[in-house]
Amino acid sequence: MLTLCIDTSYKYLSCALIEDRRLIAGYDSECFKRQSEEVFLAIDSLFKKTGKRPLDIDSVALAIGPGSYTGVRIGLTIAKVITTAQDIDLYTISTLRLYANNQKNTMVMLNARGGRAYLGVYDGEKTIVSDCIEEVEKIDVKEYEVIGDGSLVGKEDRMPPVSECFLNTFDSLQKVDDKDHLTPVYLKESEAYMK
């Protein structure tokens with residue numbers, strides 16, 4: 001079983017090939033607002049490294065958001081096209097859960113701009129605080145390990161190697177039964193964009 005994993009939902013571009021629960025190739029690069037320019041090159045490099053072909057993949061796993069409005073749509077479009085054209089399964093995972101990497105006592109926060117952050121809190125596979133958007137000044141990091149934009153709350157910015165996170169969170173992937181109606185997770189209400 002060969003799975004192509006894609007995350008274009010935030011500042012980074014991450015892709016991975018996972019075969020039979022083994023990471024056989026990964027790609028992680030900061031390329032904010034350039035994901036659409038680099039994603040196909042990154043995916044192609046994975047196939048070249050491994051000797052696999054695009055037609056060898058059995059499924060695609062996608063970080064579905066929250067994150068960059070455009071970034072999330074880039075990954076979703078690619079995943080839908082590949083899985084529909086090849087008639088293979090599509091799986092999704094919350095970007096925040098993916099970045100938490102099944103670590104204990106972990107808060108993931110990503111800058112949502114306007115003094116807000118996308119926020120999720122996890123303890124291994126257990127969700128403590130479901131993905132939400134919160135005003136930065138109201139966030140209490142307590143004793144959590146902070147992943148993502150920790151500088152928003154006076155901590156260090158820290159991102160995991162997302163290609164490895166796909167492997168570690170593989171059991172949290174959710175199969176999509178209706179690809180045609182799959183929509184990104186934005187968390188921002190439309191009126192929030194008007195502010």
# chains A, B, ... in the order shown; residues from 1 in each chain; ligands from 1

$ select_by_dssp --residues "region 44-110 of chain A" --states "helix (DSSP H, G or I)" --output "PDB file with C-alpha atoms, in the first residue's frame"
ATOM      1  CA  ASP A  44       8.188  14.418  -8.604  1.00  0.00           C
ATOM      2  CA  SER A  45      11.380  14.354  -6.517  1.00  0.00           C
ATOM      3  CA  LEU A  46       9.787  11.778  -4.179  1.00  0.00           C
ATOM      4  CA  PHE A  47       8.984   9.494  -7.082  1.00  0.00           C
ATOM      5  CA  LYS A  48      12.480   9.883  -8.533  1.00  0.00           C
ATOM      6  CA  LYS A  49      14.107   9.130  -5.140  1.00  0.00           C
ATOM      7  CA  THR A  50      12.103   5.966  -4.646  1.00  0.00           C
ATOM      8  CA  PRO A  54       2.459   8.175  -9.754  1.00  0.00           C
ATOM      9  CA  LEU A  55       0.288   5.286 -10.912  1.00  0.00           C
ATOM     10  CA  ASP A  56       1.740   3.133  -8.099  1.00  0.00           C
ATOM     11  CA  TYR A  69      -6.894  29.978   2.681  1.00  0.00           C
ATOM     12  CA  THR A  70      -5.041  29.563  -0.627  1.00  0.00           C
ATOM     13  CA  GLY A  71      -2.621  26.963   0.704  1.00  0.00           C
ATOM     14  CA  VAL A  72      -5.389  24.670   1.905  1.00  0.00           C
ATOM     15  CA  ARG A  73      -7.157  24.908  -1.471  1.00  0.00           C
ATOM     16  CA  ILE A  74      -3.955  24.049  -3.377  1.00  0.00           C
ATOM     17  CA  GLY A  75      -3.531  20.754  -1.545  1.00  0.00           C
ATOM     18  CA  LEU A  76      -7.227  19.927  -1.741  1.00  0.00           C
ATOM     19  CA  THR A  77      -7.361  20.491  -5.486  1.00  0.00           C
ATOM     20  CA  ILE A  78      -4.308  18.313  -6.131  1.00  0.00           C
ATOM     21  CA  ALA A  79      -5.600  15.541  -3.879  1.00  0.00           C
ATOM     22  CA  LYS A  80      -9.053  15.543  -5.485  1.00  0.00           C
ATOM     23  CA  VAL A  81      -7.640  15.474  -9.018  1.00  0.00           C
ATOM     24  CA  ILE A  82      -5.220  12.615  -8.310  1.00  0.00           C
ATOM     25  CA  THR A  83      -7.694  10.461  -6.392  1.00  0.00           C
ATOM     26  CA  THR A  84     -10.519  11.026  -8.861  1.00  0.00           C
ATOM     27  CA  ALA A  85      -8.401  10.448 -11.958  1.00  0.00           C
ATOM     28  CA  GLN A  86      -6.887   7.255 -10.535  1.00  0.00           C
ATOM     29  CA  THR A  95      -3.413  20.303  10.059  1.00  0.00           C
ATOM     30  CA  LEU A  96      -3.194  20.983  13.800  1.00  0.00           C
ATOM     31  CA  ARG A  97      -3.519  17.292  14.720  1.00  0.00           C
ATOM     32  CA  LEU A  98      -0.896  16.447  12.106  1.00  0.00           C
ATOM     33  CA  TYR A  99       1.565  18.984  13.537  1.00  0.00           C
ATOM     34  CA  ALA A 100       0.918  17.742  17.103  1.00  0.00           C
TER      35      ALA A 100
END

$ residues_around --residues "Glu125 (chain A)" --least-positions-apart "3" --cutoff "9 Å" --atoms "only C-alpha atoms" --output "list of chain:residue names"
A:Arg97, A:Asn101, A:Asn102, A:Gln103, A:Lys104, A:Tyr122, A:Thr169, A:Ser172

$ residues_around --residues "region 176-179 of chain A" --least-positions-apart "2" --cutoff "8 Å" --atoms "only C-alpha atoms" --output "JSON, numbers by chain"
{"A": [80, 89, 90, 91, 92, 174, 181, 182]}

$ closest_residue --among "A:Gln35, A:Ser94, A:Thr3, A:Thr127" --to "Val185 (chain A)" --atoms "only C-alpha atoms"
A:Ser94

$ closest_residue --among "A:Val121, A:Val108, A:Leu62, A:Leu2" --to "Pro160 (chain A)" --atoms "only C-alpha atoms"
A:Val108

$ residues_around --residues "region 16-20 of chain A" --least-positions-apart "4" --cutoff "10 Å" --atoms "only C-alpha atoms" --output "VMD selection string"
chain A and resid 1 to 7 24 to 28 42 to 43 46 to 47 50 52 57 to 61 162 to 167 170

$ write_last_selection --atoms "C-alpha atoms" --output "mmCIF file, in the first residue's frame"
data_model
loop_
_atom_site.group_PDB
_atom_site.id
_atom_site.type_symbol
_atom_site.label_atom_id
_atom_site.label_comp_id
_atom_site.auth_asym_id
_atom_site.auth_seq_id
_atom_site.Cartn_x
_atom_site.Cartn_y
_atom_site.Cartn_z
ATOM 1 C CA MET A 1 0.000 0.000 0.000
ATOM 2 C CA LEU A 2 1.566 3.286 -1.142
ATOM 3 C CA THR A 3 0.214 6.616 0.147
ATOM 4 C CA LEU A 4 1.159 10.051 -1.137
ATOM 5 C CA CYS A 5 0.872 12.626 1.667
ATOM 6 C CA ILE A 6 0.495 16.365 1.006
ATOM 7 C CA ASP A 7 0.475 19.425 3.269
ATOM 8 C CA ILE A 24 10.192 5.845 2.213
ATOM 9 C CA ALA A 25 10.691 9.497 1.177
ATOM 10 C CA GLY A 26 9.842 12.904 2.571
ATOM 11 C CA TYR A 27 10.118 16.534 1.568
ATOM 12 C CA ASP A 28 9.783 19.535 3.908
ATOM 13 C CA ALA A 42 8.482 18.164 -4.691
ATOM 14 C CA ILE A 43 6.148 15.273 -5.505
ATOM 15 C CA LEU A 46 9.787 11.778 -4.179
ATOM 16 C CA PHE A 47 8.984 9.494 -7.082
ATOM 17 C CA THR A 50 12.103 5.966 -4.646
ATOM 18 C CA LYS A 52 7.978 4.695 -7.739
ATOM 19 C CA ILE A 57 -0.025 5.099 -5.358
ATOM 20 C CA ASP A 58 -3.061 3.519 -3.713
ATOM 21 C CA SER A 59 -4.230 6.556 -1.738
ATOM 22 C CA VAL A 60 -3.584 10.215 -0.953
ATOM 23 C CA ALA A 61 -3.488 11.740 2.541
ATOM 24 C CA VAL A 162 5.730 17.239 8.764
ATOM 25 C CA SER A 163 6.599 14.402 6.382
ATOM 26 C CA GLU A 164 7.408 12.293 9.472
ATOM 27 C CA CYS A 165 4.234 13.490 11.203
ATOM 28 C CA PHE A 166 2.168 11.839 8.471
ATOM 29 C CA LEU A 167 3.697 8.502 9.435
ATOM 30 C CA PHE A 170 -1.320 7.555 10.109
#

$ residues_around --residues "region 136-138 of chain A" --least-positions-apart "5" --cutoff "10 Å" --atoms "only C-alpha atoms" --output "VMD selection string"
chain A and resid 109 111 to 119 152 to 153

$ atom_distance --atom1 "CA of Asp149 (chain A)" --atom2 "CA of Leu110 (chain A)"
5.3 Å

$ closest_residue --among "A:Phe40, A:Ser29, A:Tyr10, A:Gly67" --to "Lys188 (chain A)" --atoms "only C-alpha atoms"
A:Gly67

$ select_by_dssp --residues "region 29-170 of chain A" --states "strand (DSSP E)" --output "PDB file with C-alpha atoms, in the first residue's frame"
ATOM      1  CA  SER A  29      10.499  23.123   2.903  1.00  0.00           C
ATOM      2  CA  GLU A  30       9.400  26.570   4.003  1.00  0.00           C
ATOM      3  CA  SER A  59      -4.230   6.556  -1.738  1.00  0.00           C
ATOM      4  CA  VAL A  60      -3.584  10.215  -0.953  1.00  0.00           C
ATOM      5  CA  ALA A  61      -3.488  11.740   2.541  1.00  0.00           C
ATOM      6  CA  LEU A  62      -4.090  15.469   2.899  1.00  0.00           C
ATOM      7  CA  ALA A  63      -3.761  18.052   5.666  1.00  0.00           C
ATOM      8  CA  ASP A  89      -8.939   6.609  -1.759  1.00  0.00           C
ATOM      9  CA  LEU A  90      -8.521  10.062  -0.234  1.00  0.00           C
ATOM     10  CA  TYR A  91      -7.829  10.546   3.470  1.00  0.00           C
ATOM     11  CA  THR A  92      -7.669  13.773   5.470  1.00  0.00           C
ATOM     12  CA  ILE A  93      -6.304  14.946   8.782  1.00  0.00           C
ATOM     13  CA  THR A 106       0.924  19.530  23.128  1.00  0.00           C
ATOM     14  CA  MET A 107      -0.625  22.804  21.998  1.00  0.00           C
ATOM     15  CA  VAL A 108      -0.428  23.642  18.308  1.00  0.00           C
ATOM     16  CA  MET A 109      -0.914  27.266  17.330  1.00  0.00           C
ATOM     17  CA  LEU A 110      -0.613  28.856  13.915  1.00  0.00           C
ATOM     18  CA  ASN A 111      -0.869  32.563  13.222  1.00  0.00           C
ATOM     19  CA  ALA A 112      -4.344  33.343  11.867  1.00  0.00           C
ATOM     20  CA  ARG A 113      -3.513  37.066  11.649  1.00  0.00           C
ATOM     21  CA  ARG A 116      -5.733  35.446  16.430  1.00  0.00           C
ATOM     22  CA  ALA A 117      -4.352  31.921  16.195  1.00  0.00           C
ATOM     23  CA  TYR A 118      -5.585  28.566  15.003  1.00  0.00           C
ATOM     24  CA  LEU A 119      -5.383  26.413  18.095  1.00  0.00           C
ATOM     25  CA  GLY A 120      -5.644  22.748  19.026  1.00  0.00           C
ATOM     26  CA  VAL A 121      -4.531  20.918  22.175  1.00  0.00           C
ATOM     27  CA  TYR A 122      -3.705  17.217  22.209  1.00  0.00           C
ATOM     28  CA  ASP A 123      -2.421  14.553  24.538  1.00  0.00           C
ATOM     29  CA  LYS A 126      -6.624  12.338  22.625  1.00  0.00           C
ATOM     30  CA  THR A 127      -8.041  15.779  21.768  1.00  0.00           C
ATOM     31  CA  ILE A 128      -8.097  18.157  24.753  1.00  0.00           C
ATOM     32  CA  VAL A 129      -9.208  21.308  22.868  1.00  0.00           C
ATOM     33  CA  SER A 130     -10.746  20.819  19.426  1.00  0.00           C
ATOM     34  CA  ASP A 131      -9.412  22.913  16.570  1.00  0.00           C
ATOM     35  CA  CYS A 132     -10.603  26.489  16.970  1.00  0.00           C
ATOM     36  CA  ILE A 133      -9.603  30.074  16.328  1.00  0.00           C
ATOM     37  CA  GLU A 134      -8.740  32.112  19.410  1.00  0.00           C
ATOM     38  CA  GLU A 135      -7.549  35.609  20.217  1.00  0.00           C
ATOM     39  CA  GLU A 145       4.649  21.911  24.682  1.00  0.00           C
ATOM     40  CA  VAL A 146       3.966  24.545  22.015  1.00  0.00           C
ATOM     41  CA  ILE A 147       4.273  23.614  18.346  1.00  0.00           C
ATOM     42  CA  GLY A 148       4.017  26.154  15.538  1.00  0.00           C
TER      43      GLY A 148
END

$ atom_distance --atom1 "CA of Gly65 (chain A)" --atom2 "CA of Arg53 (chain A)"
27.3 Å
